[in-house]
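J.: Below are the C-alpha cells for one structure; questions will follow.
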Amino acid sequence: MVKVIMHGCNGKMGQTVAGLVAEDAEIELAAGIDAHDEGQNTFPVFANIEECDVPADVVIDFSVAAAVDGLLDYCVSQKIPCVLCTTGLSKEQLEKVEKASKEVAILKSANMSLGINMLLKLLKEAASILVPAGFDVEIVEKHHKLKVDAPSGTALALGDCINDALGGEYEYVYDRSGRRIKRPKAEIGFSAVRGGTIVGDHDVIFAGADEVITFSHSSYSKAVFGKGAVQAAKFLKGKPAGMYQMSDVIG
C-alpha cells in the first residue's frame with residue numbers, strides 16, 4: 001500500500017486525485033494539505049505542510065507556485081519523494097527543485113497524462129525517420145478560452161522532444177503573419193486555438209510529399225492528469241534521490 005500526502009487537496013485536481021485514489025486498492029490518502037478546508041474529506045487536512053505529522057511514502061502536489069518552496073523543504077527534511085505537478089515555477093524555484101532532487105526522488109513532468117508521455121516516446125522515433133526524409137513538422141494545440149498561455153506547455157514539450165531527436169537544430173515559429181517567405185526546412189511551427197471548454201487537444205503533423213502523418217491526443221477531462229499522478233506516486237515509492245520523468249513511469 002502506497003500512502004500519499006495530497007498537497008493542494010481541495011483544489012480541482014486535488015479532489016480529482018482523491019476520487020481516483022478512493023477507487024484504487026493499491027494506494028491511499030494519508031493526509032491532505034490545503035489552506036482552505038471545509039471538512040469534506042475523509043483524511044486529516046493541514047493548513048500547511050510544515051504542520052503535517054502523518055507518515056507517508058510520497059507527496060502528490062497540485063497546488064500553487066507560491067507553496068512549492070515549503071513543499072520542497074518538507075520533502076527534503078522528511079526524505080519523502082514528491083510528484084511535482086504544479087506549473088509556472090520561477091527559474092529560482094526550478095533550481096531549487098534540481099537541488100532537492102539530490103536529496104530525494106522528485107518526478108516532474110510538463111504533462112502528467114500517460115497518453116501524452118507515450119506520444120512523446122513515439123515522436124522521437126517518428127522524427128528521426130520522417131524529418132530526414134523531407135517531412136515538415138507542425139504542432140496544433142487547442143484549449144479552453146480561459147487558458148492564458150500559448151502555445152501550451154505540452155505543445156512545447158512535444159516540440160522539444162522532436163527537436164532533441166533532431167539534434168536541437170530546429171527553430172520554433174509561433175507566428176507567420178509578418179513574413180512573406182517559403183517555409184524554411186529547419187523549423188517547427190506552432191498554432192494555438194482557444195475556445196469554449198476544450199480540455200486539451202494536441203496534433204503533431206508530419207507533412208511530406210504526397211502524404212501526411214498526424215499523431216493526435218485528446219483529453220476529455222482533467223482526470224487523465226490525475227491518473228498519471230497516481231501512477232507516478234506508485235512508481236516513486238522507495239526510489240532513490242534523483243530527477244524522474246513520466247517516461248520513467250511508462251518504461
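So you can find residues: chains in the C-alpha cells are A, B, ... in the order shown, residues in each start at 1, and ligands are numbered from 1 in order.
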Running DSSP on the backbone, which parts of stretch 17-89 of chain A land in helix (DSSP H, G or I), as a list of chain:residue names?
T.: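 Residues of stretch 17-89 of chain A classed as helix (DSSP H, G or I): A:Val17, A:Ala18, A:Gly19, A:Leu20, A:Val21, A:Ala22, A:Ile49, A:Glu50, A:Glu51, A:Ala65, A:Ala66, A:Ala67, A:Val68, A:Asp69, A:Gly70, A:Leu71, A:Leu72, A:Asp73, A:Tyr74, A:Cys75, A:Val76, A:Ser77, A:Gln78.
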J.: Excluding A:Ile198 and any residue of its chain fewer than 2 positions from it, enumerate the residues within 6 Å of it, using only C-alpha atoms, and give them as a VMD selection string.
T.: chain A and resid 143 to 144 196 200
J.: Using N, CA, C and O atoms, can you write the selected residues to a file as a JSON list (two decimals), in the first residue's frame?
T.:
[["chain", "number", "residue", "atom", "x", "y", "z"],
["A", 143, "HIS", "N", -7.17, 24.55, -26.67],
["A", 143, "HIS", "CA", -7.54, 24.58, -25.25],
["A", 143, "HIS", "C", -8.73, 25.50, -25.04],
["A", 143, "HIS", "O", -9.11, 26.27, -25.93],
["A", 144, "HIS", "N", -9.27, 25.46, -23.84],
["A", 144, "HIS", "CA", -10.41, 26.28, -23.46],
["A", 144, "HIS", "C", -10.08, 27.76, -23.50],
["A", 144, "HIS", "O", -8.91, 28.16, -23.46],
["A", 196, "GLY", "N", -14.25, 27.88, -26.04],
["A", 196, "GLY", "CA", -15.15, 27.00, -25.33],
["A", 196, "GLY", "C", -14.54, 26.35, -24.12],
["A", 196, "GLY", "O", -13.83, 26.98, -23.34],
["A", 200, "GLY", "N", -8.07, 19.85, -23.79],
["A", 200, "GLY", "CA", -6.73, 19.85, -24.37],
["A", 200, "GLY", "C", -6.62, 18.90, -25.54],
["A", 200, "GLY", "O", -6.79, 17.69, -25.37]]
J.: Please measure the separation of atom CA of A:Ala35 and atom CA of A:Ala22, giving the value in Å to one decimal.
T.: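 For atom CA of A:Ala35 relative to atom CA of A:Ala22, the distance reads 22.1 Å.
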J.: Within 9 Å of A:Glu138, counting only C-alpha atoms, which residues show up once you throw out same-chain ones fewer than 6 positions away? Write them as a ChimeraX atom specification, please.
T.: /A:159,187-191,203-207
J.: Which one of A:Gly178, A:Pro132, A:Gly228, A:Pro184 sits closest to A:Leu20 if you count only C-alpha atoms?
T.: A:Gly228
J.: Choose the residue, out of A:Asn163, A:Ser63, A:Thr16, A:Ser219, that has the smallest atom-to-atom separation from A:Ile33; count only C-alpha atoms.
T.: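 Once distances to A:Ile33 are computed over only C-alpha atoms, the minimum belongs to A:Ser63.
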J.: What are the nearest atom pairs, with distances in Å to one decimal, for all residues of stretch 106-133 of chain A that come at most 12 Å from stretch 64-81 of chain A, using only C-alpha atoms, set out by chain and rising residue number as a tab-separated table?
T.:
residue	atom	partner	partner_atom	distance
A:Ile106	CA	A:Pro81	CA	5.7
A:Leu107	CA	A:Pro81	CA	8.1
A:Lys108	CA	A:Pro81	CA	11.2
J.: Grab the residues selected above and save them as a PDB file, in the first residue's frame with C-alpha atoms.
T.:
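Below is the file that was written, out12.pdb:
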ATOM      1  CA  ILE A 106      11.285  14.072  -7.473  1.00  0.00           C
ATOM      2  CA  LEU A 107       9.161  13.411 -10.534  1.00  0.00           C
ATOM      3  CA  LYS A 108       8.319  16.473 -12.608  1.00  0.00           C
TER       4      LYS A 108
END
J.: What's around A:Ala155 at 12 Å? Count only C-alpha atoms, leave out sequence neighbours fewer than 2 positions away in its own chain, and write the answer as JSON, numbers by chain.
T.: {"A": [110, 111, 116, 117, 119, 120, 138, 139, 140, 141, 142, 143, 149, 150, 151, 152, 153, 157, 158, 159, 160, 161, 162, 172, 174, 188, 189, 190, 191, 192, 193, 200, 201, 202, 203, 204, 216, 217]}
J.: Hey, can you check how far atom CA of A:Glu92 sits from atom CA of A:Met243?
T.: 16.6 Å
J.: Report the residues of stretch 49-142 of chain A whose backbone DSSP state falls under strand (DSSP E or B), written as a list in words.
T.: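 Result set for stretch 49-142 of chain A (strand (DSSP E or B)): Val58, Val59, Ile60, Asp61, Cys82, Val83, Leu84, Ala105, Ile106, Leu107, Lys108, Asp136, Val137, Glu138, Ile139, Val140, Glu141 and Lys142 of chain A.
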J.: What separation in Å, quoted to one decimal, exists between atom CA of A:Glu125 and atom CA of A:Ala229?
T.: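 These two atoms are separated by 25.4 Å.
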J.: With only C-alpha atoms as the counted atoms, please give the residues lying no more than 10 Å from A:Gly19, apart from itself and same-chain residues fewer than 6 positions off, as a list in words.
T.: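 My reading of the contact set: Met13, Ala223 and Gly226 of chain A.
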J.: Write out as a list in words the residues lying within 10 Å of A:Ala126, counting only C-alpha atoms and excluding same-chain residues fewer than 4 positions away.
T.: Leu120, Lys121, Leu122, Leu130, Val131, Ile162, Ala165, Phe206, Ile213 and Phe215 of chain A
